[in-house]
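Enquirer: Here it is: the structure, laid out below.
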Amino acid sequence: MVESLVKDFTIMHKSWLVLLVSIVFLGSSCKDDTQTNGQVFIPDVPVSVTVNMDLPLHFHLQNLGGYSLLEGGNRGIFLVHNFDDEFYAIERTCTFDPDTDCGFIQVDSSNIQLRCGTYQNDTFSQCCQSLYSFDGFVLQGPTRFSLKRYNVFRNGNLLTVRN
């Protein structure tokens with residue numbers, strides 16, 4: 001009787017082991033078919049920039065919809081005074097295929113959006129058809145990920161951008 005119980009117990013555990021291995025194998029073989037496999041890697045680089053909105057170069061940031069292009073980040077940073085009266089510092093690297101040469105984020109001021117592509121001789125060359133809002137969230141296109149954002153701290157008319 002004890003031998004029978006031990007044998008049943010062993011068979012049951014082997015069955016559970018086979019089931020568990022099958023689930024793990026099937027789960028790992030179901031890969032995301034997007035170009036980025038569900039992950040976007042944008043390198044982390046130290047960012048610490050202070051902007052004085054009283055200076056002529058950045059005076060327009062005092063108005064809603066104003067933006068400035070800053071050095072830093074991976075491919076540069078857009079500092080945006082969005083229409084919700086918040087400031088956003090947004091990485092200029094497209095999240096669809098960040099390793100391509102054309103994967104820069106540009107401002108489309110006619111539609112108040114950010115788009116992926118480059119300018120050549122004042123002509124915009126679209127890269128992946130991704131569109132983002134001024135706060136970096138996806139509006140349309142093949143990308144599924146919002147743009148990388150940095151922290152913005154305001155002290156009067158000084159804005160500090162950090163990660």
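Following the order of the structure tokens, first chain is A, next is B, and so on, with residues numbered from 1 inside each chain and ligands from 1 in the order they appear.
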Applying 6 Å and only C-alpha atoms, which residues near Leu131 of chain A remain after dropping the ones on its own chain fewer than 3 positions away? List them as a PDB file with C-alpha atoms, in the first residue's frame.
Expert:
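What ended up in selection19.pdb:
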ATOM      1  CA  LEU A 114       6.464  66.151 -31.794  1.00  0.00           C
ATOM      2  CA  ARG A 115       7.381  63.834 -34.664  1.00  0.00           C
ATOM      3  CA  LEU A 139      -0.474  60.051 -30.355  1.00  0.00           C
ATOM      4  CA  GLN A 140       0.004  57.702 -33.310  1.00  0.00           C
TER       5      GLN A 140
END
Enquirer: Find the spatial neighbours of Gln129 of chain A, counting only C-alpha atoms, within a cut-off of 7 Å - ignore same-chain residues fewer than 2 positions away - and output them as a PyMOL selection string.
Expert: chain A and resi 116+126-127+131+141
Enquirer: Include C-alpha atoms and write out the residues we just selected as a PDB file, in the first residue's frame.
Expert:
ATOM      1  CA  CYS A 116      10.163  61.484 -35.617  1.00  0.00           C
ATOM      2  CA  GLN A 126       9.900  61.452 -41.812  1.00  0.00           C
ATOM      3  CA  CYS A 127      11.534  58.456 -40.138  1.00  0.00           C
ATOM      4  CA  LEU A 131       3.666  61.395 -33.402  1.00  0.00           C
ATOM      5  CA  GLY A 141       2.488  55.660 -35.256  1.00  0.00           C
TER       6      GLY A 141
END
Enquirer: At a cut-off of 10 Å, using only C-alpha atoms, what residues contact Glu91 of chain A? Leave out same-chain residues fewer than 4 positions from it and give the result as a list in words.
Expert: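 Skipping anything fewer than 4 positions along the chain leaves Ile42, Leu70, Gly72, Gly73, Asn74, Arg75, Gly76, Ile77, Phe78, Leu79, Thr95, Phe104, Ile105, Gly136, Leu147, Lys148, Arg149 and Tyr150 of chain A.
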Enquirer: What would the file look like if the residues just selected were written as an mmCIF file, in the first residue's frame with C-alpha atoms?
Expert:
data_model
loop_
_atom_site.group_PDB
_atom_site.id
_atom_site.type_symbol
_atom_site.label_atom_id
_atom_site.label_comp_id
_atom_site.auth_asym_id
_atom_site.auth_seq_id
_atom_site.Cartn_x
_atom_site.Cartn_y
_atom_site.Cartn_z
ATOM 1 C CA ILE A 42 17.745 54.785 -24.544
ATOM 2 C CA LEU A 70 18.882 72.121 -25.045
ATOM 3 C CA GLY A 72 22.364 67.117 -23.189
ATOM 4 C CA GLY A 73 20.596 63.818 -22.942
ATOM 5 C CA ASN A 74 21.172 61.199 -25.601
ATOM 6 C CA ARG A 75 20.337 63.303 -28.706
ATOM 7 C CA GLY A 76 19.337 66.582 -27.117
ATOM 8 C CA ILE A 77 16.401 67.730 -25.003
ATOM 9 C CA PHE A 78 13.265 69.714 -25.750
ATOM 10 C CA LEU A 79 12.235 71.917 -22.857
ATOM 11 C CA THR A 95 11.243 55.362 -28.954
ATOM 12 C CA PHE A 104 15.352 62.308 -33.861
ATOM 13 C CA ILE A 105 12.324 64.029 -32.386
ATOM 14 C CA GLY A 136 5.860 63.157 -24.770
ATOM 15 C CA LEU A 147 9.308 59.674 -24.990
ATOM 16 C CA LYS A 148 11.817 59.638 -22.155
ATOM 17 C CA ARG A 149 11.330 62.591 -19.796
ATOM 18 C CA TYR A 150 13.663 64.317 -17.396
#
Enquirer: Counting only C-alpha atoms, which of A:Cys102, A:Val107, A:Cys94, A:Leu69 gets nearest to Gln120 of chain A?
Expert: A:Cys102
Enquirer: Have a look at atom CA of Phe59 of chain A and atom CA of Gly156 of chain A and let me know their distance in Å, one decimal.
Expert: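 We find that atom CA of Phe59 of chain A and atom CA of Gly156 of chain A lie 13.1 Å from each other.
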Enquirer: From the set A:Cys128, A:Val138, A:Val40, A:Leu159, which residue has the shortest atom-to-atom contact distance to Ser68 of chain A, counting only C-alpha atoms?
Expert: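 Looking at the shortest contact to Ser68 of chain A, the residue is A:Leu159.
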Enquirer: Just the residues within 7 Å of Tyr88 of chain A, please, counting only C-alpha atoms, with nothing from its chain fewer than 5 positions along; format it as a ChimeraX atom specification.
Expert: /A:79-81,135,152
Enquirer: Taking C-alpha atoms for each residue, export the selection above as a tab-separated table (two decimals), in the first residue's frame.
Expert:
chain	number	residue	atom	x	y	z
A	79	LEU	CA	12.24	71.92	-22.86
A	80	VAL	CA	8.52	72.59	-23.36
A	81	HIS	CA	6.09	74.91	-21.57
A	135	ASP	CA	4.31	66.16	-22.99
A	152	VAL	CA	12.12	69.84	-14.30
Enquirer: Just the strand (DSSP E) stuff from segment 69-124 of chain A, please, per backbone DSSP, written as a VMD selection string.
Expert: chain A and resid 69 to 70 77 to 81 87 to 91 105 to 108 113 to 120 123 to 124
Enquirer: Separation of atom CA of Phe145 of chain A and atom CA of Gln62 of chain A, in Å?
Expert: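 Atom CA of Gln62 of chain A lies 28.7 Å from atom CA of Phe145 of chain A.
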Enquirer: Give me the residues near Leu61 of chain A as a list in words, where near means some atom within 10 Å (using only C-alpha atoms) and where sequence neighbours in that chain fewer than 4 positions away do not count.
Expert: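 Neighbouring residues, sequence-local ones excluded: Val51, Asn52, Met53, Asp54, Pro56, Leu57, Gly65, Gly66, Tyr67, Ser68, Leu79, Val80, His81, Asn82, Phe87, Asn157 and Leu159 of chain A.
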Enquirer: Find, counting only C-alpha atoms, the residue in A:Phe137, A:Ile112, A:Leu64, A:Thr50 that gets nearest to Ile90 of chain A.
Expert: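 Of A:Phe137, A:Ile112, A:Leu64, A:Thr50, the one nearest Ile90 of chain A, counting only C-alpha atoms, is A:Phe137.
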Enquirer: To one decimal in Å, tell me the separation between atom CA of Arg92 of chain A and atom CA of Gly117 of chain A.
Expert: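 Atom CA of Arg92 of chain A sits 10.2 Å away from atom CA of Gly117 of chain A.
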Enquirer: I need the residue nearest Gln106 of chain A from this list: A:Thr118, A:Thr123, A:Leu55, A:Thr143. Use only C-alpha atoms for the distance.
Expert: A:Thr118
